[in-house]
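The next block is run.cif, given as mmCIF, C-alpha atoms and all ligand atoms.
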data_query
#
loop_
_atom_site.label_atom_id
_atom_site.label_comp_id
_atom_site.auth_asym_id
_atom_site.auth_seq_id
_atom_site.Cartn_x
_atom_site.Cartn_y
_atom_site.Cartn_z
CA MET A 54 -13.30 -37.24 41.04
CA SER A 55 -11.30 -40.41 40.48
CA GLN A 56 -12.07 -43.09 43.05
CA ASN A 57 -8.58 -44.44 42.91
CA LYS A 58 -5.35 -42.74 41.98
CA LEU A 59 -4.48 -45.62 39.60
CA ASP A 60 -7.82 -45.81 37.78
CA TRP A 61 -6.28 -44.07 34.81
CA ILE A 62 -4.02 -47.08 34.25
CA THR A 63 -6.99 -49.44 34.18
CA ASP A 64 -8.67 -47.12 31.68
CA GLN A 65 -5.57 -47.00 29.48
CA LEU A 66 -5.23 -50.79 29.56
CA GLU A 67 -8.89 -51.18 28.58
CA SER A 68 -8.50 -48.77 25.69
CA LEU A 69 -5.40 -50.62 24.44
CA LYS A 70 -7.46 -53.82 24.45
CA ALA A 71 -10.36 -52.12 22.65
CA ASP A 72 -7.96 -50.84 19.95
CA GLY A 73 -6.30 -54.22 19.48
CA LEU A 74 -2.97 -52.76 20.65
CA TYR A 75 -2.63 -54.67 23.92
CA ASN A 76 0.49 -56.87 24.12
CA ASN A 77 -0.61 -60.44 24.65
CA ILE A 78 2.62 -62.10 25.59
CA ARG A 79 3.07 -65.77 24.79
CA THR A 80 5.00 -67.99 27.19
CA ILE A 81 7.52 -70.43 25.79
CA ASP A 82 8.07 -73.66 27.65
CA SER A 83 11.09 -75.07 25.82
CA PRO A 84 14.54 -73.95 24.70
CA MET A 85 14.61 -71.12 22.16
CA ASP A 86 15.07 -72.88 18.85
CA ALA A 87 13.58 -73.52 15.40
CA TRP A 88 10.60 -75.14 17.13
CA VAL A 89 9.27 -74.03 20.50
CA THR A 90 6.55 -75.24 22.87
CA ILE A 91 3.70 -72.81 23.54
CA ASP A 92 0.58 -73.80 25.47
CA GLY A 93 1.70 -77.41 25.25
CA ARG A 94 2.00 -77.30 21.45
CA LYS A 95 5.16 -77.52 19.37
CA VAL A 96 5.18 -74.69 16.83
CA GLN A 97 7.70 -73.35 14.35
CA ASN A 98 9.42 -70.23 15.62
CA PHE A 99 9.80 -67.26 13.27
CA CYS A 100 9.82 -64.56 15.95
CA ALA A 101 13.13 -64.81 17.74
CA ASN A 102 16.30 -62.82 17.03
CA ASN A 103 18.15 -66.10 17.50
CA TYR A 104 19.62 -65.69 13.99
CA LEU A 105 22.29 -68.35 14.27
CA GLY A 106 20.54 -70.86 16.53
CA LEU A 107 23.10 -70.22 19.27
CA ALA A 108 20.53 -69.83 22.08
CA ASN A 109 20.39 -73.61 22.49
CA HIS A 110 23.76 -74.60 21.03
CA PRO A 111 25.42 -77.53 22.85
CA ARG A 112 28.90 -75.94 22.95
CA ILE A 113 27.54 -72.70 24.35
CA LYS A 114 25.48 -74.46 27.01
CA GLN A 115 28.54 -76.48 28.03
CA ALA A 116 30.70 -73.35 28.24
CA ALA A 117 28.14 -71.72 30.55
CA LYS A 118 27.97 -74.81 32.78
CA ASP A 119 31.76 -75.11 33.00
CA ALA A 120 32.05 -71.43 33.91
CA ILE A 121 29.48 -71.81 36.69
CA ASP A 122 31.51 -74.67 38.17
CA LYS A 123 34.65 -72.55 38.11
CA TYR A 124 33.34 -69.03 38.90
CA GLY A 125 29.81 -69.36 40.31
CA VAL A 126 26.97 -67.34 38.84
CA GLY A 127 27.10 -63.66 39.80
CA PRO A 128 29.72 -60.94 39.34
CA GLY A 129 29.17 -59.68 42.91
CA ALA A 130 29.34 -55.94 42.30
CA VAL A 131 29.53 -53.25 39.67
CA ARG A 132 32.53 -53.60 37.38
CA THR A 133 34.55 -50.74 38.90
CA ILE A 134 34.33 -51.98 42.49
CA ALA A 135 34.69 -55.77 42.48
CA GLY A 136 32.66 -57.02 39.55
CA THR A 137 35.22 -57.39 36.77
CA MET A 138 36.21 -61.01 36.37
CA SER A 139 38.84 -62.41 34.02
CA LEU A 140 35.93 -63.68 31.90
CA HIS A 141 34.79 -60.12 31.24
CA ASP A 142 38.27 -59.03 30.20
CA GLN A 143 38.58 -62.05 27.93
CA LEU A 144 35.21 -61.48 26.26
CA GLU A 145 36.07 -57.84 25.59
CA ALA A 146 39.46 -58.71 24.10
CA ASP A 147 37.89 -61.46 21.97
CA LEU A 148 35.10 -59.18 20.71
CA ALA A 149 37.52 -56.38 19.83
CA ALA A 150 39.66 -58.83 17.86
CA PHE A 151 36.62 -60.40 16.16
CA LYS A 152 35.28 -57.01 15.12
CA LYS A 153 38.74 -55.61 14.29
CA ALA A 154 38.07 -52.69 16.63
CA GLU A 155 40.66 -50.96 18.83
CA ALA A 156 38.81 -51.84 22.02
CA CYS A 157 35.53 -53.11 23.44
CA ILE A 158 33.51 -52.84 26.64
CA THR A 159 30.54 -55.03 27.59
CA LEU A 160 27.35 -54.00 29.38
CA GLN A 161 24.21 -55.72 30.63
CA SER A 162 22.33 -55.25 27.34
CA GLY A 163 22.30 -53.40 24.05
CA PHE A 164 19.75 -51.05 25.57
CA THR A 165 22.07 -50.05 28.41
CA ALA A 166 25.00 -49.83 25.98
CA ASN A 167 23.17 -46.94 24.28
CA LEU A 168 22.27 -45.37 27.62
CA ALA A 169 25.93 -45.59 28.66
CA THR A 170 27.47 -44.31 25.45
CA ILE A 171 25.42 -41.39 24.18
CA PRO A 172 25.35 -39.33 27.41
CA ALA A 173 29.09 -40.02 27.86
CA LEU A 174 29.81 -38.48 24.45
CA VAL A 175 27.50 -35.46 24.33
CA GLY A 176 25.67 -33.23 26.79
CA LYS A 177 24.10 -29.82 27.22
CA GLY A 178 25.13 -27.46 24.43
CA ASP A 179 25.90 -30.33 22.04
CA VAL A 180 23.73 -31.67 19.21
CA ILE A 181 22.76 -35.17 18.04
CA PHE A 182 21.63 -35.98 14.49
CA SER A 183 19.49 -39.10 14.76
CA ASP A 184 17.74 -41.13 12.03
CA ARG A 185 13.99 -40.70 12.40
CA LEU A 186 13.49 -44.48 12.73
CA ASN A 187 16.22 -45.15 15.29
CA HIS A 188 15.61 -47.72 18.02
CA ALA A 189 13.97 -46.68 21.30
CA SER A 190 17.20 -47.21 23.25
CA ILE A 191 19.02 -44.70 21.03
CA ILE A 192 16.18 -42.23 21.51
CA ASP A 193 16.31 -42.69 25.28
CA GLY A 194 20.11 -42.36 25.30
CA CYS A 195 19.79 -39.12 23.34
CA ARG A 196 17.17 -37.76 25.77
CA LEU A 197 19.28 -38.67 28.81
CA SER A 198 22.24 -36.78 27.36
CA ARG A 199 20.33 -33.45 27.40
CA ALA A 200 21.90 -32.56 24.06
CA LYS A 201 19.71 -31.01 21.36
CA ILE A 202 18.18 -33.80 19.23
CA VAL A 203 17.70 -33.27 15.49
CA ALA A 204 15.91 -36.11 13.68
CA TYR A 205 16.76 -36.52 9.99
CA GLU A 206 14.67 -38.36 7.40
CA HIS A 207 15.15 -42.11 7.43
CA ASN A 208 18.30 -43.20 5.55
CA SER A 209 18.62 -39.79 3.88
CA PRO A 210 22.20 -38.44 3.75
CA ALA A 211 20.82 -35.44 1.81
CA ASP A 212 18.47 -34.47 4.63
CA LEU A 213 21.21 -35.15 7.18
CA GLU A 214 23.57 -32.78 5.36
CA GLU A 215 20.91 -30.08 5.26
CA LYS A 216 20.41 -30.44 9.02
CA LEU A 217 24.17 -30.46 9.62
CA ASN A 218 24.40 -27.14 7.79
CA GLU A 219 21.49 -25.72 9.80
CA HIS A 220 22.92 -26.68 13.20
CA THR A 221 26.49 -25.47 13.41
CA ASP A 222 26.28 -23.41 16.58
CA TYR A 223 26.85 -26.23 19.03
CA GLY A 224 29.74 -27.80 20.91
CA LYS A 225 30.20 -31.43 19.96
CA ARG A 226 28.10 -32.96 17.18
CA LEU A 227 27.15 -36.65 17.02
CA ILE A 228 25.56 -38.59 14.15
CA VAL A 229 23.81 -41.79 15.23
CA SER A 230 21.95 -44.47 13.27
CA ASP A 231 20.74 -48.02 13.56
CA GLY A 232 22.80 -50.29 11.30
CA VAL A 233 19.98 -52.67 10.37
CA PHE A 234 16.44 -51.32 10.83
CA SER A 235 14.69 -54.37 12.16
CA MET A 236 11.09 -53.61 11.17
CA ASP A 237 11.90 -53.44 7.45
CA GLY A 238 15.26 -55.19 7.22
CA ASP A 239 16.84 -52.23 5.39
CA ILE A 240 20.30 -50.94 6.35
CA ALA A 241 21.85 -47.54 6.98
CA PRO A 242 23.85 -45.90 4.14
CA LEU A 243 26.85 -46.03 6.42
CA PRO A 244 29.56 -45.00 3.90
CA GLU A 245 27.65 -41.78 3.16
CA LEU A 246 27.05 -41.11 6.86
CA VAL A 247 30.77 -41.61 7.56
CA GLU A 248 31.72 -39.20 4.77
CA LEU A 249 29.37 -36.57 6.17
CA ALA A 250 30.77 -37.09 9.66
CA GLU A 251 34.31 -36.64 8.35
CA LYS A 252 33.39 -33.60 6.26
CA HIS A 253 31.55 -31.88 9.13
CA GLY A 254 33.79 -32.97 12.00
CA CYS A 255 31.11 -35.05 13.78
CA ILE A 256 31.44 -38.12 15.96
CA ILE A 257 29.76 -41.06 14.23
CA MET A 258 28.08 -43.94 16.02
CA VAL A 259 26.16 -46.93 14.66
CA ASP A 260 23.93 -49.32 16.61
CA ASP A 261 24.47 -52.67 14.95
CA ALA A 262 22.21 -54.79 17.18
CA HIS A 263 20.61 -56.67 14.26
CA GLY A 264 23.85 -56.71 12.25
CA GLU A 265 25.99 -58.31 14.97
CA GLY A 266 26.60 -61.93 13.93
CA VAL A 267 24.62 -61.29 10.73
CA MET A 268 26.26 -58.65 8.51
CA GLY A 269 29.87 -58.58 7.31
CA ASN A 270 32.35 -61.39 6.91
CA GLY A 271 31.32 -64.20 9.29
CA GLY A 272 28.99 -61.88 11.20
CA ARG A 273 31.55 -59.18 12.08
CA GLY A 274 28.90 -56.49 11.69
CA ILE A 275 27.93 -53.59 9.45
CA VAL A 276 31.26 -51.76 9.79
CA ASP A 277 32.95 -54.85 8.37
CA HIS A 278 30.24 -55.21 5.71
CA PHE A 279 31.15 -51.78 4.33
CA GLY A 280 34.90 -52.04 5.09
CA LEU A 281 34.76 -48.94 7.30
CA HIS A 282 37.14 -50.13 10.03
CA GLY A 283 38.64 -47.21 11.93
CA ARG A 284 36.26 -44.69 10.34
CA VAL A 285 33.22 -45.30 12.59
CA ASP A 286 34.10 -43.95 16.01
CA VAL A 287 31.86 -46.21 18.02
CA GLU A 288 29.63 -49.23 17.42
CA ILE A 289 26.93 -50.52 19.73
CA GLY A 290 26.18 -54.22 19.58
CA THR A 291 24.12 -56.77 21.39
CA LEU A 292 24.86 -60.28 22.60
CA SER A 293 21.11 -60.92 22.91
CA LYS A 294 20.27 -61.52 19.24
CA ALA A 295 22.56 -63.50 16.92
CA PHE A 296 24.84 -64.34 19.85
CA GLY A 297 21.89 -66.09 21.47
CA VAL A 298 22.67 -64.98 25.04
CA VAL A 299 22.12 -61.57 26.66
CA GLY A 300 24.40 -58.57 27.00
CA GLY A 301 25.55 -55.46 25.20
CA LEU A 302 28.81 -54.23 23.78
CA VAL A 303 30.46 -51.04 22.69
CA ALA A 304 33.38 -51.37 20.27
CA GLY A 305 35.49 -48.65 18.73
CA LYS A 306 38.18 -46.08 19.39
CA GLN A 307 40.34 -46.82 22.43
CA GLU A 308 39.77 -43.42 24.04
CA ILE A 309 35.98 -43.81 23.84
CA ILE A 310 36.10 -47.23 25.50
CA ASP A 311 38.50 -45.92 28.19
CA TRP A 312 36.13 -42.99 28.76
CA LEU A 313 33.12 -45.33 29.16
CA ARG A 314 34.98 -47.18 31.93
CA GLN A 315 35.15 -43.79 33.73
CA ARG A 316 31.84 -42.19 32.77
CA GLY A 317 29.38 -44.78 31.40
CA ARG A 318 26.67 -44.65 34.04
CA PRO A 319 25.15 -48.14 33.48
CA PHE A 320 28.76 -49.42 33.64
CA LEU A 321 29.50 -47.58 36.88
CA PHE A 322 26.18 -48.10 38.65
CA SER A 323 24.79 -51.45 37.46
CA SER A 324 26.37 -54.87 37.83
CA ALA A 325 28.21 -56.73 35.11
CA MET A 326 27.06 -59.52 32.83
CA THR A 327 26.68 -62.79 34.74
CA VAL A 328 29.28 -65.56 34.65
CA PRO A 329 27.30 -68.02 32.47
CA ASP A 330 26.29 -65.28 30.04
CA THR A 331 29.87 -64.07 29.68
CA ALA A 332 31.28 -67.55 29.19
CA ALA A 333 28.53 -68.37 26.70
CA CYS A 334 29.41 -65.28 24.68
CA ILE A 335 33.12 -66.15 24.67
CA GLU A 336 32.18 -69.52 23.17
CA ALA A 337 29.85 -67.84 20.65
CA VAL A 338 32.70 -65.63 19.40
CA LYS A 339 34.87 -68.76 19.12
CA ILE A 340 32.23 -70.52 17.02
CA LEU A 341 31.91 -67.52 14.71
CA GLN A 342 35.68 -67.25 14.35
CA GLU A 343 36.06 -70.91 13.44
CA SER A 344 33.66 -70.91 10.53
CA THR A 345 31.17 -68.81 8.57
CA GLU A 346 28.85 -71.81 8.19
CA LEU A 347 26.05 -70.56 10.47
CA VAL A 348 26.09 -67.05 9.04
CA ASP A 349 26.05 -68.44 5.50
CA ARG A 350 23.10 -70.70 6.32
CA LEU A 351 21.19 -67.79 7.88
CA TRP A 352 21.57 -65.79 4.67
CA SER A 353 20.68 -68.66 2.35
CA ASN A 354 17.60 -69.43 4.49
CA GLY A 355 16.60 -65.77 4.33
CA GLU A 356 17.07 -65.65 0.55
CA LEU A 357 15.11 -68.87 0.03
CA PHE A 358 12.23 -67.70 2.20
CA LYS A 359 12.03 -64.28 0.56
CA ARG A 360 12.24 -65.68 -3.00
CA GLU A 361 9.53 -68.27 -2.40
CA MET A 362 7.24 -65.76 -0.68
CA GLN A 363 7.59 -63.40 -3.64
CA LYS A 364 6.79 -66.28 -6.01
CA LEU A 365 3.61 -66.90 -4.02
CA GLY A 366 2.69 -63.26 -4.58
CA PHE A 367 3.48 -61.74 -1.18
CA ASP A 368 4.92 -58.24 -0.81
CA THR A 369 8.16 -58.55 1.17
CA GLY A 370 9.01 -54.86 1.29
CA GLU A 371 12.53 -53.44 1.03
CA THR A 372 14.54 -55.94 3.03
CA VAL A 373 18.20 -56.61 2.24
CA THR A 374 18.79 -58.82 5.29
CA PRO A 375 17.41 -62.17 6.55
CA ILE A 376 14.52 -60.26 8.16
CA VAL A 377 11.49 -60.70 5.88
CA PRO A 378 8.51 -58.40 6.47
CA VAL A 379 5.30 -59.69 4.91
CA MET A 380 3.43 -56.48 4.20
CA LEU A 381 -0.31 -56.76 4.85
CA GLY A 382 -1.59 -53.22 5.44
CA GLU A 383 -4.23 -53.05 8.14
CA ALA A 384 -3.39 -54.14 11.68
CA ALA A 385 -6.54 -56.26 11.96
CA LEU A 386 -5.56 -58.27 8.88
CA ALA A 387 -2.01 -58.78 10.18
CA GLN A 388 -3.35 -59.94 13.54
CA ALA A 389 -5.80 -62.36 11.90
CA PHE A 390 -2.98 -63.65 9.68
CA SER A 391 -0.76 -64.28 12.68
CA ARG A 392 -3.55 -66.09 14.55
CA LYS A 393 -4.26 -68.36 11.61
CA LEU A 394 -0.57 -69.09 11.12
CA PHE A 395 -0.43 -70.13 14.76
CA GLU A 396 -3.30 -72.56 14.14
CA GLU A 397 -1.15 -73.98 11.33
CA GLY A 398 1.74 -74.40 13.80
CA VAL A 399 3.73 -71.31 12.78
CA PHE A 400 4.58 -68.68 15.39
CA ALA A 401 5.16 -65.40 13.52
CA MET A 402 4.28 -62.06 15.04
CA SER A 403 2.13 -59.34 13.58
CA ILE A 404 3.47 -55.83 14.00
CA GLY A 405 1.30 -52.74 13.77
CA PHE A 406 1.05 -49.10 14.78
CA PRO A 407 2.84 -47.46 16.60
CA THR A 408 5.83 -49.77 16.02
CA VAL A 409 5.33 -49.29 12.27
CA PRO A 410 3.29 -46.56 10.52
CA GLN A 411 -0.51 -46.72 10.25
CA GLY A 412 -1.53 -48.93 7.28
CA LYS A 413 1.85 -50.68 7.17
CA ALA A 414 1.06 -53.60 9.44
CA ARG A 415 2.91 -56.78 8.68
CA ILE A 416 4.03 -60.20 9.79
CA ARG A 417 7.73 -59.99 10.50
CA VAL A 418 9.51 -63.25 9.71
CA MET A 419 12.80 -63.72 11.52
CA ASN A 420 14.85 -66.30 9.67
CA SER A 421 17.50 -68.34 11.42
CA ALA A 422 20.28 -70.78 10.68
CA ALA A 423 18.39 -73.07 13.06
CA HIS A 424 15.68 -73.69 10.43
CA SER A 425 16.11 -76.70 8.16
CA THR A 426 14.95 -76.61 4.54
CA ASP A 427 12.03 -78.82 5.59
CA ASP A 428 11.10 -76.28 8.25
CA LEU A 429 11.10 -73.49 5.68
CA GLU A 430 8.99 -75.47 3.20
CA ARG A 431 6.48 -76.31 5.89
CA ALA A 432 6.24 -72.65 6.91
CA LEU A 433 5.88 -71.52 3.30
CA SER A 434 2.93 -73.90 2.86
CA ALA A 435 1.29 -72.39 5.94
CA PHE A 436 1.79 -68.88 4.57
CA GLU A 437 0.31 -69.96 1.23
CA LYS A 438 -2.72 -71.54 2.88
CA VAL A 439 -3.46 -68.58 5.17
CA GLY A 440 -2.68 -66.08 2.40
CA LYS A 441 -5.33 -67.68 0.19
CA GLU A 442 -7.86 -67.98 3.00
CA LEU A 443 -7.52 -64.27 3.78
CA ALA A 444 -7.38 -63.33 0.07
CA VAL A 445 -3.93 -61.72 0.42
CA ILE A 446 -2.71 -63.82 -2.53
CA ASN A 447 -4.57 -65.68 -5.30
C1 LIG A 501 17.38 -54.99 20.13
C2 LIG A 501 18.06 -53.71 19.99
C3 LIG A 501 18.66 -53.10 21.08
C4 LIG A 501 18.57 -53.69 22.47
O1 LIG A 501 19.39 -54.79 22.63
P1 LIG A 501 19.23 -55.68 23.96
O2 LIG A 501 20.53 -56.38 24.07
O3 LIG A 501 18.07 -56.59 23.74
O4 LIG A 501 18.99 -54.72 25.07
C5 LIG A 501 19.34 -51.92 20.90
N1 LIG A 501 19.39 -51.34 19.68
C6 LIG A 501 18.82 -51.89 18.60
C7 LIG A 501 18.93 -51.22 17.28
C8 LIG A 501 18.12 -53.09 18.72
O5 LIG A 501 17.53 -53.63 17.65
#

Rewrite the coordinates I just gave you, this time as structure tokens.
Ligand SMILES: *Cc1c(COP(=O)(O)O)cnc(C)c1O
Amino acid sequence: MSQNKLDWITDQLESLKADGLYNNIRTIDSPMDAWVTIDGRKVQNFCANNYLGLANHPRIKQAAKDAIDKYGVGPGAVRTIAGTMSLHDQLEADLAAFKKAEACITLQSGFTANLATIPALVGKGDVIFSDRLNHASIIDGCRLSRAKIVAYEHNSPADLEEKLNEHTDYGKRLIVSDGVFSMDGDIAPLPELVELAEKHGCIIMVDDAHGEGVMGNGGRGIVDHFGLHGRVDVEIGTLSKAFGVVGGLVAGKQEIIDWLRQRGRPFLFSSAMTVPDTAACIEAVKILQESTELVDRLWSNGELFKREMQKLGFDTGETVTPIVPVMLGEAALAQAFSRKLFEEGVFAMSIGFPTVPQGKARIRVMNSAAHSTDDLERALSAFEKVGKELAVIN
């Protein structure tokens, strides 16, 4: 009886709006930095994954401009046909050295890095053990592979081992987990996962998107944080968060990286990272290799913010990273909190169901090395004011 074959979409959109679940996307009219311009107003930015402030870093901008003058803008083709430029080779060599991995391959994004890697490693007749809270791109990579997917309880090596024992009748077996879980800021128990992988003969893969440039010595990632070099077969990373640009990477065992150059579908059938992005990332690696200053500042900012929020009486959940969730409970309260913060000049997003469980809505505060101590104090005052207004704190 429908009058139009697309009416159902209109209905779905209306119901999202009615439930308060419709994405209202804000437009930023300035560089991505500690302060951004939205609707003509300068506000403090606590939403971006720009952990180190590299998105608007003068050296990185200059590197991108210089590369454009020398190489133009586009790679021209997929990597295997005519799209691999010396810049791509250099970035991959630099990233492998930075992360102390045998080899590295870059892709268009962290999302496509998962889509390239998982189906290249496992297929029909194989099995994947996946943390229940893994990122959407891992889930999609698992589905594309057509392997059997077994979800284990979040960060539970005990449940993983039980499931490993229950699912032995398969070809290859892959364990995959996020490194940092970005909604709560908790991290995977990677040493235990590695031990289980070794004991049960599984391939082990970690997606370190929020750990790249954040965890480990000078931002070398979660494998470095736990000193597990050579024991994690393959690491996914992104150049779109701490690196401040856009792109994805896979680092790990040489044979896996060689295999991805032959069988990684987003590598074979989608064009390479652009020239300015690639050059910008090369400069970002250089900056990280020269000094741990930005990474250190990110962590001290995160610690300061968390400590002061706890002193004010806020619940900051289980985070062990610079991500600080401010737990509020109901989605409506979190949305109201975010709106009022915005009126106070602080842009910090509320996150509710289905991204996080029902009743666990929150404001997620993304700290950054770009924030000055003054910035943090100003934001803390705004949180205190709104928290009292909404009776979240006394
Ligand atoms: C953000 C994220 C991605 C996607 O990275 P992009 O480079 O933005 O595509 C993949 N995995 C995890 C765990 C992430 O947090």

Residues contacting ligand LIG 501 (chain A) - anything with an atom at most 8 Å away, using only C-alpha atoms and all ligand atoms - can you give me those as number ranges by chain? A: 161-167, 187-191, 231-235, 260-263, 289-294, 299-301

To one decimal place, how far is CA of Leu394 in chain A from CA of Val298 in chain A in Å? 27.4 Å

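Among the candidates A:Met326, A:Leu144, A:Val131, A:Ile446, the residue lying nearest to Ala156 in chain A is A:Leu144 (atoms considered: only C-alpha atoms).
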
One residue among A:Ala385, A:Ala401, A:Leu107, A:Ile340 is nearest to Gly73 in chain A when using all atoms listed in the file, and that residue is A:Ala385

With only C-alpha atoms as the counted atoms, please give the residues lying no more than 10 Å from range 352-360 of chain A, apart from itself and same-chain residues fewer than 5 positions off, as a VMD selection string. chain A and resid 104 to 105 267 to 268 347 365 to 370 372 to 379 418 to 426 429 to 430 432 to 433

Nearest to Glu437 in chain A: which of A:Asp142, A:Asp237, A:Glu397, A:Asp119 is it, counting all atoms listed in the file? A:Glu397

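CA of Asp286 in chain A to CA of Glu219 in chain A spans 23.0 Å [interatomic distance, one decimal].
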
May I ask for the distance between CA of Thr137 in chain A and CA of Gln315 in chain A, given in Å to one decimal place? 13.9 Å

Excluding Leu381 in chain A and residues on its chain fewer than 3 positions from it, collect all residues at most 10 Å away from it, counting all atoms listed in the file, and give them as a list of chain:residue names. A:Phe367, A:Asp368, A:Thr369, A:Pro378, A:Ala384, A:Ala385, A:Leu386, A:Ala387, A:Gln388, A:Phe390, A:Ser403, A:Ile404, A:Gly405, A:Gly412, A:Lys413, A:Ala414, A:Arg415, A:Ile416, A:Gly440, A:Val445

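Those residues that approach Phe182 in chain A to within 10 Å, counting only C-alpha atoms, are Cys195, Lys201, Ile202, Val203, Ala204, Tyr205, Leu213, Glu214, Lys216, Leu217, His220, Arg226, Leu227, Ile228, Val229, Ser230, Cys255 and Ile257 of chain A; same-chain residues fewer than 5 positions away are not listed.
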
May I have the residues within 12 Å of Ala211 in chain A as JSON, numbers by chain, using all atoms listed in the file and disregarding those fewer than 6 positions away in the same chain? {"A": [205, 217, 218, 242, 245, 246, 248, 249]}
